[in-house]
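Q: Dropping in upload28.cif, which is mmCIF, C-alpha atoms and all ligand atoms:
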```
data_input
#
loop_
_atom_site.label_atom_id
_atom_site.label_comp_id
_atom_site.auth_asym_id
_atom_site.auth_seq_id
_atom_site.Cartn_x
_atom_site.Cartn_y
_atom_site.Cartn_z
CA MET K 1 12.85 3.08 -25.14
CA ILE K 2 9.77 1.66 -26.78
CA PHE K 3 8.33 -1.86 -26.56
CA ALA K 4 5.10 -3.85 -26.57
CA ILE K 5 3.73 -6.48 -24.20
CA ARG K 6 1.42 -9.07 -25.75
CA GLY K 7 -1.19 -11.10 -23.85
CA ASP K 8 -4.74 -11.17 -22.46
CA ILE K 9 -4.94 -7.73 -20.92
CA LEU K 10 -7.29 -6.78 -18.08
CA TYR K 11 -7.51 -3.40 -16.36
CA THR K 12 -10.00 -0.98 -14.87
CA LYS K 13 -10.55 2.72 -15.48
CA LYS K 14 -13.49 3.18 -13.16
CA LEU K 15 -14.80 1.53 -9.97
CA GLY K 16 -16.79 -1.56 -10.93
CA VAL K 17 -16.00 -1.51 -14.66
CA VAL K 18 -13.29 -3.58 -16.36
CA SER K 19 -11.69 -3.51 -19.78
CA GLU K 20 -10.98 -7.00 -21.21
CA ASN K 21 -8.59 -7.20 -24.16
CA ILE K 22 -7.94 -10.72 -25.41
CA ASP K 23 -4.69 -11.20 -27.34
CA SER K 24 -3.73 -7.52 -27.41
CA TYR K 25 -0.65 -5.32 -27.09
CA ILE K 26 0.26 -2.64 -24.56
CA ILE K 27 2.63 -0.17 -26.19
CA CYS K 28 5.04 1.52 -23.78
CA GLU K 29 7.33 4.45 -24.62
CA ASP K 30 9.80 5.84 -22.08
CA GLY K 31 7.91 4.15 -19.26
CA ILE K 32 4.51 5.51 -20.29
CA VAL K 33 1.58 3.60 -21.80
CA LYS K 34 0.76 4.80 -25.34
CA GLY K 35 -2.31 2.57 -25.62
CA VAL K 36 -3.70 -0.96 -25.77
CA TYR K 37 -4.16 -2.25 -29.34
CA LYS K 38 -5.54 -5.38 -31.00
CA THR K 39 -2.61 -5.29 -33.47
CA ILE K 40 0.60 -3.29 -33.32
CA PRO K 41 0.03 0.02 -35.16
CA SER K 42 2.25 0.36 -38.25
CA LYS K 43 4.31 3.23 -36.80
CA TYR K 44 5.45 0.83 -34.04
CA LYS K 45 5.94 -2.22 -36.24
CA ASN K 46 9.62 -2.91 -35.57
CA ILE K 47 9.62 -2.50 -31.82
CA LYS K 48 10.62 -5.19 -29.31
CA VAL K 49 7.68 -7.38 -28.26
CA TYR K 50 7.53 -9.26 -24.95
CA ASP K 51 5.29 -12.07 -26.13
CA TYR K 52 3.06 -13.52 -23.39
CA LYS K 53 0.36 -14.83 -25.73
CA ASN K 54 -2.53 -16.49 -23.79
CA LYS K 55 -1.18 -15.22 -20.46
CA LEU K 56 -3.19 -12.92 -18.21
CA ILE K 57 -1.69 -9.44 -17.78
CA ILE K 58 -2.96 -6.90 -15.21
CA PRO K 59 -1.60 -3.64 -13.77
CA GLY K 60 0.88 -4.18 -10.91
CA LEU K 61 -0.77 -4.22 -7.48
CA VAL K 62 -0.37 -1.28 -5.12
CA ASP K 63 0.10 -1.88 -1.38
CA THR K 64 -0.40 1.50 0.27
CA HIS K 65 0.45 0.55 3.85
CA LEU K 66 2.86 -1.97 5.38
CA HIS K 67 5.64 -2.14 7.95
CA ALA K 68 8.90 -3.53 6.55
CA PRO K 69 10.53 -4.22 9.98
CA GLN K 70 7.51 -6.27 11.06
CA TYR K 71 8.05 -8.77 8.25
CA SER K 72 10.35 -10.61 10.68
CA PHE K 73 7.32 -11.71 12.75
CA ILE K 74 4.74 -12.06 9.98
CA GLY K 75 2.27 -14.84 10.75
CA MET K 76 2.97 -14.73 14.50
CA HIS K 77 1.72 -12.94 17.63
CA MET K 78 -1.93 -12.58 16.75
CA ASP K 79 -3.30 -13.03 20.27
CA LEU K 80 -3.68 -9.40 21.32
CA PRO K 81 -5.54 -6.27 20.20
CA LEU K 82 -3.65 -3.27 18.83
CA LEU K 83 -2.27 -1.38 21.85
CA LEU K 84 -1.28 -4.51 23.76
CA TRP K 85 0.16 -6.04 20.56
CA LEU K 86 2.29 -2.92 19.98
CA ASN K 87 3.64 -2.96 23.52
CA LYS K 88 4.23 -6.67 23.88
CA TYR K 89 5.65 -7.53 20.46
CA THR K 90 5.97 -4.76 17.91
CA PHE K 91 7.94 -2.05 19.71
CA LYS K 92 10.42 -4.64 21.01
CA GLU K 93 10.96 -6.07 17.53
CA GLU K 94 11.39 -2.62 15.96
CA THR K 95 14.04 -1.78 18.59
CA GLN K 96 16.26 -4.44 16.99
CA TYR K 97 16.71 -2.27 13.88
CA LYS K 98 19.17 -0.12 15.81
CA ASN K 99 21.55 -2.99 15.14
CA MET K 100 22.63 -2.80 11.48
CA ALA K 101 23.59 -6.47 11.21
CA TYR K 102 20.07 -7.43 12.30
CA ALA K 103 18.44 -4.79 10.09
CA LYS K 104 20.35 -5.95 7.00
CA LYS K 105 19.48 -9.58 7.55
CA ALA K 106 15.79 -8.87 8.16
CA TYR K 107 15.35 -6.31 5.37
CA ASN K 108 17.10 -8.57 2.84
CA ILE K 109 14.50 -11.28 3.50
CA PHE K 110 11.67 -8.76 3.16
CA ILE K 111 13.02 -7.29 -0.09
CA LYS K 112 13.54 -10.69 -1.67
CA ASP K 113 9.91 -11.63 -1.04
CA LEU K 114 8.52 -8.24 -2.07
CA LYS K 115 10.41 -8.42 -5.36
CA LYS K 116 8.73 -11.62 -6.45
CA SER K 117 5.29 -10.67 -5.06
CA PRO K 118 2.51 -9.18 -7.23
CA THR K 119 3.16 -5.76 -5.63
CA THR K 120 4.80 -3.17 -7.86
CA ARG K 121 4.26 -0.01 -5.73
CA PHE K 122 4.11 0.45 -2.01
CA SER K 123 4.16 2.88 0.87
CA LEU K 124 6.26 1.46 3.70
CA PHE K 125 6.89 2.28 7.33
CA ALA K 126 10.47 1.60 8.43
CA THR K 127 11.51 2.33 12.05
CA ILE K 128 12.84 5.41 13.87
CA HIS K 129 16.41 4.42 12.93
CA VAL K 130 18.01 6.43 10.10
CA PRO K 131 20.87 4.07 9.08
CA ALA K 132 18.56 1.05 8.80
CA THR K 133 15.94 3.10 6.93
CA LEU K 134 18.56 4.31 4.46
CA TYR K 135 19.75 0.74 3.96
CA LEU K 136 16.17 -0.38 3.25
CA MET K 137 15.71 2.42 0.71
CA GLU K 138 19.02 1.83 -1.06
CA GLU K 139 18.41 -1.90 -1.36
CA LEU K 140 14.85 -1.37 -2.60
CA GLU K 141 16.16 1.06 -5.22
CA LYS K 142 18.34 -1.74 -6.63
CA THR K 143 15.25 -3.91 -7.26
CA ASN K 144 13.69 -1.27 -9.56
CA LEU K 145 10.42 -1.42 -7.64
CA VAL K 146 8.89 2.00 -6.93
CA GLY K 147 7.58 3.29 -3.63
CA PHE K 148 7.65 5.49 -0.58
CA VAL K 149 9.53 4.66 2.60
CA GLY K 150 9.08 6.53 5.87
CA LYS K 151 11.49 6.95 8.73
CA VAL K 152 9.05 6.59 11.64
CA ASN K 153 8.69 9.40 14.20
CA MET K 154 7.74 8.68 17.82
CA ASP K 155 8.56 10.80 20.89
CA ARG K 156 6.09 9.56 23.54
CA ASN K 157 4.21 6.56 25.00
CA SER K 158 6.60 3.97 23.63
CA ILE K 159 9.12 1.74 25.34
CA LYS K 160 12.30 3.61 26.24
CA SER K 161 14.45 1.86 23.66
CA LEU K 162 12.11 2.91 20.81
CA GLN K 163 11.53 6.53 21.65
CA GLU K 164 13.22 9.69 20.37
CA THR K 165 13.33 13.15 21.88
CA THR K 166 11.28 15.62 19.85
CA ASP K 167 14.38 17.48 18.81
CA LYS K 168 16.27 14.38 17.68
CA SER K 169 13.23 13.05 15.85
CA LEU K 170 12.98 16.25 13.75
CA LYS K 171 16.75 16.59 13.22
CA ASP K 172 17.06 12.94 12.19
CA THR K 173 14.17 13.40 9.77
CA LEU K 174 15.93 16.32 8.06
CA PHE K 175 19.21 14.41 7.92
CA TRP K 176 17.42 11.38 6.44
CA ILE K 177 15.67 13.46 3.76
CA LYS K 178 19.03 14.86 2.60
CA ALA K 179 20.83 11.52 2.80
CA GLN K 180 18.46 9.72 0.40
CA GLU K 181 18.15 12.52 -2.19
CA LYS K 182 20.05 10.64 -4.90
CA LEU K 183 17.49 7.80 -5.04
CA LYS K 184 15.22 7.85 -8.08
CA ARG K 185 12.54 5.21 -7.55
CA ILE K 186 12.32 5.11 -3.77
CA LYS K 187 11.12 8.35 -2.18
CA PRO K 188 10.63 9.60 1.36
CA ILE K 189 7.25 9.99 3.06
CA ILE K 190 6.69 11.78 6.37
CA THR K 191 5.62 9.16 8.92
CA PRO K 192 4.36 10.15 12.37
CA ARG K 193 3.54 6.66 13.74
CA PHE K 194 0.12 7.67 15.14
CA VAL K 195 -1.17 10.31 17.53
CA PRO K 196 -0.43 8.38 20.77
CA SER K 197 3.27 8.15 19.72
CA CYS K 198 3.72 11.83 18.76
CA SER K 199 3.65 15.05 20.81
CA LEU K 200 1.94 18.08 19.28
CA GLU K 201 5.33 19.73 18.92
CA LEU K 202 6.53 16.78 16.87
CA LEU K 203 3.38 16.78 14.70
CA LYS K 204 3.78 20.51 14.02
CA GLY K 205 7.48 20.10 13.19
CA LEU K 206 6.71 17.26 10.77
CA SER K 207 4.00 19.33 9.07
CA LYS K 208 6.55 22.08 8.50
CA ILE K 209 9.03 19.61 6.99
CA ALA K 210 6.36 18.00 4.77
CA ASN K 211 5.40 21.41 3.39
CA GLU K 212 8.95 22.66 2.97
CA TYR K 213 10.13 19.55 1.10
CA LYS K 214 6.75 18.87 -0.57
CA LEU K 215 6.59 15.35 0.82
CA PRO K 216 3.53 13.15 1.25
CA ILE K 217 2.39 11.98 4.69
CA GLN K 218 1.28 8.61 6.06
CA SER K 219 -0.06 7.53 9.43
CA HIS K 220 -2.76 5.52 11.24
CA LEU K 221 -6.29 6.71 12.04
CA SER K 222 -9.25 5.37 14.07
CA GLU K 223 -8.10 1.76 13.89
CA ASN K 224 -9.26 0.45 17.22
CA LYS K 225 -11.67 1.52 19.99
CA SER K 226 -9.12 1.61 22.85
CA GLU K 227 -6.74 3.59 20.65
CA ILE K 228 -9.47 6.17 19.92
CA GLU K 229 -10.27 6.45 23.67
CA LEU K 230 -6.58 7.04 24.34
CA VAL K 231 -6.38 9.77 21.70
CA LYS K 232 -9.50 11.45 23.10
CA SER K 233 -8.07 11.39 26.63
CA LEU K 234 -4.78 12.88 25.40
CA HIS K 235 -6.41 15.56 23.23
CA LYS K 236 -9.50 17.13 24.73
CA GLU K 237 -8.74 20.20 22.58
CA SER K 238 -9.51 18.40 19.29
CA SER K 239 -13.00 17.38 18.17
CA CYS K 240 -12.06 13.92 16.86
CA TYR K 241 -8.98 11.74 16.27
CA GLY K 242 -8.55 13.04 12.71
CA SER K 243 -8.70 16.64 13.85
CA VAL K 244 -5.57 16.12 16.00
CA TYR K 245 -3.70 15.60 12.72
CA ASP K 246 -5.68 18.35 11.02
CA ASP K 247 -5.17 20.92 13.79
CA ASN K 248 -1.43 20.31 13.49
CA GLY K 249 -1.13 20.47 9.70
CA LEU K 250 -0.97 16.78 8.83
CA PHE K 251 -4.33 16.03 7.25
CA GLY K 252 -4.23 16.40 3.50
CA ASN K 253 -5.18 19.50 1.54
CA THR K 254 -1.80 20.77 0.38
CA THR K 255 0.04 17.48 0.89
CA ASN K 256 -1.01 14.00 -0.29
CA THR K 257 -1.89 12.15 2.88
CA ILE K 258 -2.80 8.54 3.43
CA MET K 259 -4.30 7.20 6.64
CA ALA K 260 -4.42 3.49 7.38
CA HIS K 261 -7.50 1.72 8.78
CA CYS K 262 -10.30 4.29 9.43
CA VAL K 263 -12.39 1.47 10.90
CA TRP K 264 -14.32 3.59 13.43
CA SER K 265 -14.28 7.08 11.90
CA GLU K 266 -17.24 9.13 13.13
CA ASP K 267 -19.31 11.43 10.91
CA LYS K 268 -17.26 14.57 11.55
CA GLU K 269 -14.04 12.69 10.88
CA ILE K 270 -15.47 11.30 7.63
CA ASN K 271 -16.41 14.84 6.57
CA LEU K 272 -12.91 16.00 7.35
CA MET K 273 -11.42 13.10 5.38
CA LYS K 274 -13.57 14.04 2.42
CA ASN K 275 -12.95 17.78 2.59
CA LYS K 276 -9.19 17.37 2.95
CA LYS K 277 -9.04 14.84 0.08
CA LEU K 278 -7.45 12.19 2.22
CA TRP K 279 -6.61 8.67 1.01
CA VAL K 280 -7.79 5.73 3.10
CA ALA K 281 -5.58 2.62 3.17
CA HIS K 282 -7.97 -0.23 3.88
CA CYS K 283 -6.20 -3.06 5.76
CA PRO K 284 -8.71 -5.93 6.09
CA SER K 285 -6.28 -8.64 7.25
CA SER K 286 -4.86 -6.53 10.04
CA ASN K 287 -8.31 -5.29 11.06
CA ARG K 288 -9.31 -8.90 11.58
CA ASN K 289 -6.09 -10.18 13.19
CA LEU K 290 -5.87 -7.38 15.76
CA SER K 291 -9.65 -7.50 16.46
CA SER K 292 -9.99 -3.93 15.21
CA GLY K 293 -13.25 -4.27 13.28
CA MET K 294 -14.80 -4.05 9.82
CA ALA K 295 -14.24 -0.72 8.06
CA PRO K 296 -17.24 0.88 6.27
CA ILE K 297 -15.53 0.94 2.89
CA ARG K 298 -18.76 1.16 0.87
CA ARG K 299 -19.66 4.33 2.76
CA TYR K 300 -16.27 5.91 1.96
CA LEU K 301 -16.70 5.04 -1.72
CA ASP K 302 -20.26 6.41 -1.78
CA GLU K 303 -19.00 9.63 -0.17
CA GLY K 304 -16.33 10.00 -2.85
CA ILE K 305 -13.38 9.41 -0.49
CA LYS K 306 -10.29 7.93 -2.15
CA VAL K 307 -9.82 4.34 -1.01
CA SER K 308 -6.81 2.09 -1.57
CA LEU K 309 -5.94 -1.37 -0.35
CA ALA K 310 -3.08 -2.52 1.88
CA THR K 311 -1.65 -5.54 3.67
CA ASP K 312 -0.43 -3.74 6.84
CA VAL K 313 2.21 -6.38 7.42
CA ALA K 314 2.59 -7.65 10.14
CA GLY K 315 -0.78 -6.79 11.67
CA GLY K 316 -1.74 -8.23 8.29
CA SER K 317 -0.47 -11.79 8.06
CA TYR K 318 0.52 -11.94 4.38
CA LEU K 319 2.36 -9.91 1.75
CA SER K 320 -0.04 -10.83 -1.04
CA MET K 321 -2.33 -8.13 -2.41
CA PHE K 322 -4.45 -10.92 -3.92
CA ARG K 323 -5.23 -12.09 -0.38
CA ALA K 324 -5.97 -8.47 0.59
CA MET K 325 -8.57 -8.31 -2.18
CA GLU K 326 -10.23 -11.50 -0.97
CA ASP K 327 -10.32 -10.18 2.60
CA ALA K 328 -11.68 -6.80 1.51
CA ILE K 329 -14.62 -8.60 -0.11
CA THR K 330 -15.10 -11.01 2.80
CA MET K 331 -14.97 -8.32 5.49
CA SER K 332 -17.46 -6.18 3.55
CA LYS K 333 -19.84 -9.17 3.32
CA MET K 334 -19.54 -9.77 7.06
CA ARG K 335 -20.22 -6.13 7.70
CA GLU K 336 -23.21 -6.15 5.40
CA CYS K 337 -24.81 -9.15 7.06
CA MET K 338 -23.83 -8.48 10.68
CA VAL K 339 -23.70 -4.69 11.01
CA ASP K 340 -25.28 -2.62 8.29
CA LYS K 341 -27.50 -3.99 5.53
CA ASN K 342 -27.38 -0.63 3.75
CA LEU K 343 -23.68 -0.94 3.01
CA ARG K 344 -23.52 -3.31 0.06
CA ALA K 345 -20.56 -5.72 -0.01
CA LEU K 346 -17.67 -5.07 -2.41
CA ASN K 347 -17.35 -7.20 -5.55
CA ILE K 348 -14.39 -8.53 -7.52
CA LYS K 349 -14.30 -5.66 -10.03
CA GLU K 350 -14.37 -3.10 -7.24
CA VAL K 351 -11.48 -4.60 -5.27
CA PHE K 352 -9.52 -4.90 -8.53
CA TYR K 353 -9.95 -1.13 -8.88
CA LEU K 354 -8.91 -0.47 -5.25
CA ALA K 355 -5.74 -2.59 -5.62
CA THR K 356 -4.69 -0.97 -8.90
CA LYS K 357 -5.96 2.47 -9.91
CA GLY K 358 -7.40 3.34 -6.46
CA GLY K 359 -4.03 3.04 -4.71
CA GLY K 360 -2.08 3.97 -7.83
CA GLU K 361 -3.51 7.47 -7.75
CA PHE K 362 -1.44 8.15 -4.62
CA PHE K 363 1.64 7.80 -6.89
CA GLY K 364 0.32 9.83 -9.85
CA LYS K 365 -0.91 8.23 -13.08
CA VAL K 366 -0.42 4.65 -11.92
CA GLY K 367 -2.50 1.47 -11.80
CA SER K 368 -4.10 1.41 -15.25
CA PHE K 369 -3.20 0.79 -18.90
CA GLU K 370 -4.91 3.98 -20.05
CA THR K 371 -2.81 6.24 -22.28
CA GLY K 372 -0.45 8.40 -20.25
CA TYR K 373 -0.15 6.01 -17.30
CA GLU K 374 3.22 4.78 -16.03
CA LEU K 375 3.58 1.16 -17.09
CA ASP K 376 3.31 -1.20 -14.10
CA ALA K 377 2.27 -4.67 -15.25
CA ILE K 378 2.35 -8.23 -13.96
CA VAL K 379 2.05 -11.35 -16.08
CA LEU K 380 0.26 -14.08 -14.10
CA ASP K 381 1.09 -17.78 -14.12
CA GLU K 382 -2.02 -20.00 -14.30
CA LYS K 383 -0.25 -23.30 -14.78
CA ASP K 384 -0.75 -24.42 -11.16
CA ILE K 385 -4.49 -23.68 -11.28
CA PRO K 386 -5.56 -25.62 -14.38
CA THR K 387 -9.21 -25.88 -15.31
CA VAL K 388 -11.02 -27.77 -18.03
CA HIS K 389 -12.76 -24.81 -19.66
CA MET K 390 -10.03 -22.15 -19.51
CA ASP K 391 -10.75 -20.93 -23.05
CA LYS K 392 -14.35 -20.09 -22.04
CA LEU K 393 -13.45 -17.96 -19.02
CA LYS K 394 -13.74 -14.19 -19.09
CA LEU K 395 -10.55 -12.37 -18.12
CA ILE K 396 -12.18 -11.13 -14.90
CA GLU K 397 -12.97 -14.77 -13.99
CA ARG K 398 -9.36 -15.77 -14.61
CA PHE K 399 -8.34 -12.86 -12.39
CA GLU K 400 -10.86 -13.84 -9.69
CA ARG K 401 -9.18 -17.24 -9.38
CA PHE K 402 -5.99 -15.49 -8.24
CA VAL K 403 -7.98 -13.71 -5.54
CA TYR K 404 -9.64 -16.87 -4.22
CA ARG K 405 -6.99 -19.53 -4.86
CA PRO K 406 -3.61 -19.12 -3.21
CA ASN K 407 -1.36 -18.66 -6.22
CA ASP K 408 0.86 -15.60 -6.50
CA LYS K 409 3.17 -16.96 -9.14
CA LEU K 410 4.33 -14.42 -11.70
CA ILE K 411 5.88 -14.90 -15.12
CA ALA K 412 7.09 -11.29 -15.37
CA LYS K 413 6.85 -7.93 -13.65
CA PHE K 414 7.27 -4.43 -15.12
CA VAL K 415 7.50 -1.36 -12.90
CA ALA K 416 7.50 2.22 -14.23
CA GLY K 417 8.41 0.86 -17.68
CA LYS K 418 11.25 -1.41 -16.52
CA LYS K 419 11.14 -5.20 -16.63
CA ILE K 420 12.41 -6.28 -13.27
CA ASN K 421 14.21 -9.37 -12.08
CA ILE K 422 11.82 -11.40 -9.93
CA ASN K 423 14.16 -14.26 -9.10
N1 LIG K 501 -0.72 1.94 14.98
C1 LIG K 501 0.48 2.43 15.37
N2 LIG K 501 1.47 1.61 15.02
C2 LIG K 501 0.91 0.58 14.38
C3 LIG K 501 1.43 -0.60 13.77
O1 LIG K 501 2.62 -0.86 13.73
N3 LIG K 501 0.51 -1.44 13.21
C4 LIG K 501 -0.82 -1.18 13.22
N4 LIG K 501 -1.66 -2.05 12.66
N5 LIG K 501 -1.34 -0.09 13.79
C5 LIG K 501 -0.48 0.77 14.37
FE FE K 502 0.04 -0.08 10.12
#
```
What's the structure tokens form of this structure?
Ligand code: GUN
Ligand code: FE
A:
Amino acid sequence: MIFAIRGDILYTKKLGVVSENIDSYIICEDGIVKGVYKTIPSKYKNIKVYDYKNKLIIPGLVDTHLHAPQYSFIGMHMDLPLLLWLNKYTFKEETQYKNMAYAKKAYNIFIKDLKKSPTTRFSLFATIHVPATLYLMEELEKTNLVGFVGKVNMDRNSIKSLQETTDKSLKDTLFWIKAQEKLKRIKPIITPRFVPSCSLELLKGLSKIANEYKLPIQSHLSENKSEIELVKSLHKESSCYGSVYDDNGLFGNTTNTIMAHCVWSEDKEINLMKNKKLWVAHCPSSNRNLSSGMAPIRRYLDEGIKVSLATDVAGGSYLSMFRAMEDAITMSKMRECMVDKNLRALNIKEVFYLATKGGGEFFGKVGSFETGYELDAIVLDEKDIPTVHMDKLKLIERFERFVYRPNDKLIAKFVAGKKININ
């Protein structure tokens, strides 16, 4: 299938640089971008055109880390730091997903909101429960969004009702991988919750499964100071938090791996992240809400580490990747003025890159309108944010208004070449 999308097209190929294309056409063939043109080339002249003249079109936003079961308490329970928050609220809530009636009700609400959000791709944590995780995946598949979903693994230091034996955790993971094989747009990702929740035997078993089935890996890393102390007390044999994953085969290299937070990574961990080609999922809202800290994102970028952006619902208190971009800028400004003057704050073009091509790379050629990229696009609705001099604004300024003014309204959404129903 071949079609064009017409409008004011903004995208980024490179950190800090944008491409502005007023009244232009994206040509898409079999889900792949052929190019962005000022007029439709003659060989394409009879194709279907989705005409969004004068509307702002950007690549779909990529949320590389969030917890679907926590959507049920989004915007609540922000009075405790990470470990206490997990024990008092989060583990208890996730236990409820053993009950399919509850899981269906909660996941349906989450999916409905995700569908109409600016997010086109995502990497989700579910819970330890296989039936509820399969339900989440099957329902997401019906929306035509694209993303990874992980059955969570945890065999220690949880509450009793949310803890597996090592053996059951691994067996359930294998069963789950087989059970979801028919899905096309929603794919599995190996998901050890974080080191405190996983024995070394479990980590090693998950590494074996990830390699055997060629699956990506997601987890949490160096989010919070008490968490890091706990990991160090549990694992005197490893030289830093990240090396616990690395020593047990879960830190990049052969398998795409994404680690959320990395707020307090020390030099040797940063070197390891770089050498193993790890992705960082930066979660500014969650890092603020759970008093975790301000991640040194500029340093990661300067070191050539791959950085993406994420909401981390429900440590993060919104589903909107526009809000995540605002918070990434704000947190980097706070860090620059309060902590480290050498780490320059992020700017609007840079967070645009992180939320599109930066995170998109975890999914392949995603997050840009360059030739050969999978077509993920959102058409933005500016009617509720009128301004007197709209015709004078650059496209990046029109985009910036979505980051700083709460308005997530979309006119249309395309994911991997398919126009999806956002109602
Ligand atoms: N570390 C382990 N589990 C979680 C979680 O659910 N949320 C956050 N923010 N960090 C975690
Ligand atoms: Fe998280």
Q: Provide the CA of Met390 in chain K to CA of Ile22 in chain K distance in Å, to one decimal place.
A: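 Value for the CA of Met390 in chain K-CA of Ile22 in chain K distance: 13.0 Å.
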Q: Using only C-alpha atoms and all ligand atoms, find the one residue out of K:Asn275, K:Thr119, K:Asn423, K:Thr127 that sits nearest to ligand FE 502 (chain K).
A: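 Among the listed residues, K:Thr127 lies closest to ligand FE 502 (chain K).
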Q: Compute the set of protein, DNA and RNA residues whose minimum atom distance to ligand LIG 501 (chain K) is at most 10 Å, using all atoms listed in the file, and state it as a PyMOL selection string.
A: chain K and resi 65-70+81-83+85-87+89-91+94+125-127+152+154+192-197+219-224+227+260-261+283+285-287+289-290+292+311-316
Q: Hey, can you spit out that residue selection with C-alpha atoms as a PDB file, in the frame of the given file?
A:
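Final output, result-v6.pdb:
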```
ATOM      1  CA  HIS K  65       0.450   0.550   3.850  1.00  0.00           C
ATOM      2  CA  LEU K  66       2.860  -1.970   5.380  1.00  0.00           C
ATOM      3  CA  HIS K  67       5.640  -2.140   7.950  1.00  0.00           C
ATOM      4  CA  ALA K  68       8.900  -3.530   6.550  1.00  0.00           C
ATOM      5  CA  PRO K  69      10.530  -4.220   9.980  1.00  0.00           C
ATOM      6  CA  GLN K  70       7.510  -6.270  11.060  1.00  0.00           C
ATOM      7  CA  PRO K  81      -5.540  -6.270  20.200  1.00  0.00           C
ATOM      8  CA  LEU K  82      -3.650  -3.270  18.830  1.00  0.00           C
ATOM      9  CA  LEU K  83      -2.270  -1.380  21.850  1.00  0.00           C
ATOM     10  CA  TRP K  85       0.160  -6.040  20.560  1.00  0.00           C
ATOM     11  CA  LEU K  86       2.290  -2.920  19.980  1.00  0.00           C
ATOM     12  CA  ASN K  87       3.640  -2.960  23.520  1.00  0.00           C
ATOM     13  CA  TYR K  89       5.650  -7.530  20.460  1.00  0.00           C
ATOM     14  CA  THR K  90       5.970  -4.760  17.910  1.00  0.00           C
ATOM     15  CA  PHE K  91       7.940  -2.050  19.710  1.00  0.00           C
ATOM     16  CA  GLU K  94      11.390  -2.620  15.960  1.00  0.00           C
ATOM     17  CA  PHE K 125       6.890   2.280   7.330  1.00  0.00           C
ATOM     18  CA  ALA K 126      10.470   1.600   8.430  1.00  0.00           C
ATOM     19  CA  THR K 127      11.510   2.330  12.050  1.00  0.00           C
ATOM     20  CA  VAL K 152       9.050   6.590  11.640  1.00  0.00           C
ATOM     21  CA  MET K 154       7.740   8.680  17.820  1.00  0.00           C
ATOM     22  CA  PRO K 192       4.360  10.150  12.370  1.00  0.00           C
ATOM     23  CA  ARG K 193       3.540   6.660  13.740  1.00  0.00           C
ATOM     24  CA  PHE K 194       0.120   7.670  15.140  1.00  0.00           C
ATOM     25  CA  VAL K 195      -1.170  10.310  17.530  1.00  0.00           C
ATOM     26  CA  PRO K 196      -0.430   8.380  20.770  1.00  0.00           C
ATOM     27  CA  SER K 197       3.270   8.150  19.720  1.00  0.00           C
ATOM     28  CA  SER K 219      -0.060   7.530   9.430  1.00  0.00           C
ATOM     29  CA  HIS K 220      -2.760   5.520  11.240  1.00  0.00           C
ATOM     30  CA  LEU K 221      -6.290   6.710  12.040  1.00  0.00           C
ATOM     31  CA  SER K 222      -9.250   5.370  14.070  1.00  0.00           C
ATOM     32  CA  GLU K 223      -8.100   1.760  13.890  1.00  0.00           C
ATOM     33  CA  ASN K 224      -9.260   0.450  17.220  1.00  0.00           C
ATOM     34  CA  GLU K 227      -6.740   3.590  20.650  1.00  0.00           C
ATOM     35  CA  ALA K 260      -4.420   3.490   7.380  1.00  0.00           C
ATOM     36  CA  HIS K 261      -7.500   1.720   8.780  1.00  0.00           C
ATOM     37  CA  CYS K 283      -6.200  -3.060   5.760  1.00  0.00           C
ATOM     38  CA  SER K 285      -6.280  -8.640   7.250  1.00  0.00           C
ATOM     39  CA  SER K 286      -4.860  -6.530  10.040  1.00  0.00           C
ATOM     40  CA  ASN K 287      -8.310  -5.290  11.060  1.00  0.00           C
ATOM     41  CA  ASN K 289      -6.090 -10.180  13.190  1.00  0.00           C
ATOM     42  CA  LEU K 290      -5.870  -7.380  15.760  1.00  0.00           C
ATOM     43  CA  SER K 292      -9.990  -3.930  15.210  1.00  0.00           C
ATOM     44  CA  THR K 311      -1.650  -5.540   3.670  1.00  0.00           C
ATOM     45  CA  ASP K 312      -0.430  -3.740   6.840  1.00  0.00           C
ATOM     46  CA  VAL K 313       2.210  -6.380   7.420  1.00  0.00           C
ATOM     47  CA  ALA K 314       2.590  -7.650  10.140  1.00  0.00           C
ATOM     48  CA  GLY K 315      -0.780  -6.790  11.670  1.00  0.00           C
ATOM     49  CA  GLY K 316      -1.740  -8.230   8.290  1.00  0.00           C
TER      50      GLY K 316
END
```
Q: Pick out the closest residue to ligand FE 502 (chain K) from this set: K:Ala281, K:Met325, K:Leu272, K:Val231. Count only C-alpha atoms and all ligand atoms.
A: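 Answer, going by the shortest atom-to-atom distance: K:Ala281.
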Q: So which one's closest to ligand FE 502 (chain K), K:Lys116, K:Lys13, K:His282, K:Arg185? Using all atoms listed in the file, please.
A: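 Closest residue, counting all atoms listed in the file: K:His282.
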Q: Check the smallest atom-to-atom distance from each of K:Arg405, K:Arg156, K:Arg298, K:Lys182 to Glu201 in chain K using all atoms listed in the file, then report the winner.
A: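 Going through K:Arg405, K:Arg156, K:Arg298, K:Lys182 one by one, the smallest distance to Glu201 in chain K is for K:Arg156.
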Q: Between CA of Lys394 in chain K and CA of Met331 in chain K, what distance in Å does the model show, to one decimal?
A: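 Computing it gives 25.3 Å between the two atoms.
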Q: Give me, as number ranges by chain, all polymer residues having an atom no more than 6 Å from range 34-40 of chain K, counting all atoms listed in the file and skipping those fewer than 4 positions away in the same chain.
A: K: 24-28, 371
Q: Hey, which of K:Val146, K:Lys88, K:Met259, K:Tyr102 ends up closest to ligand FE 502 (chain K)? Count only C-alpha atoms and all ligand atoms.
A: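 Nearest to ligand FE 502 (chain K): K:Met259.
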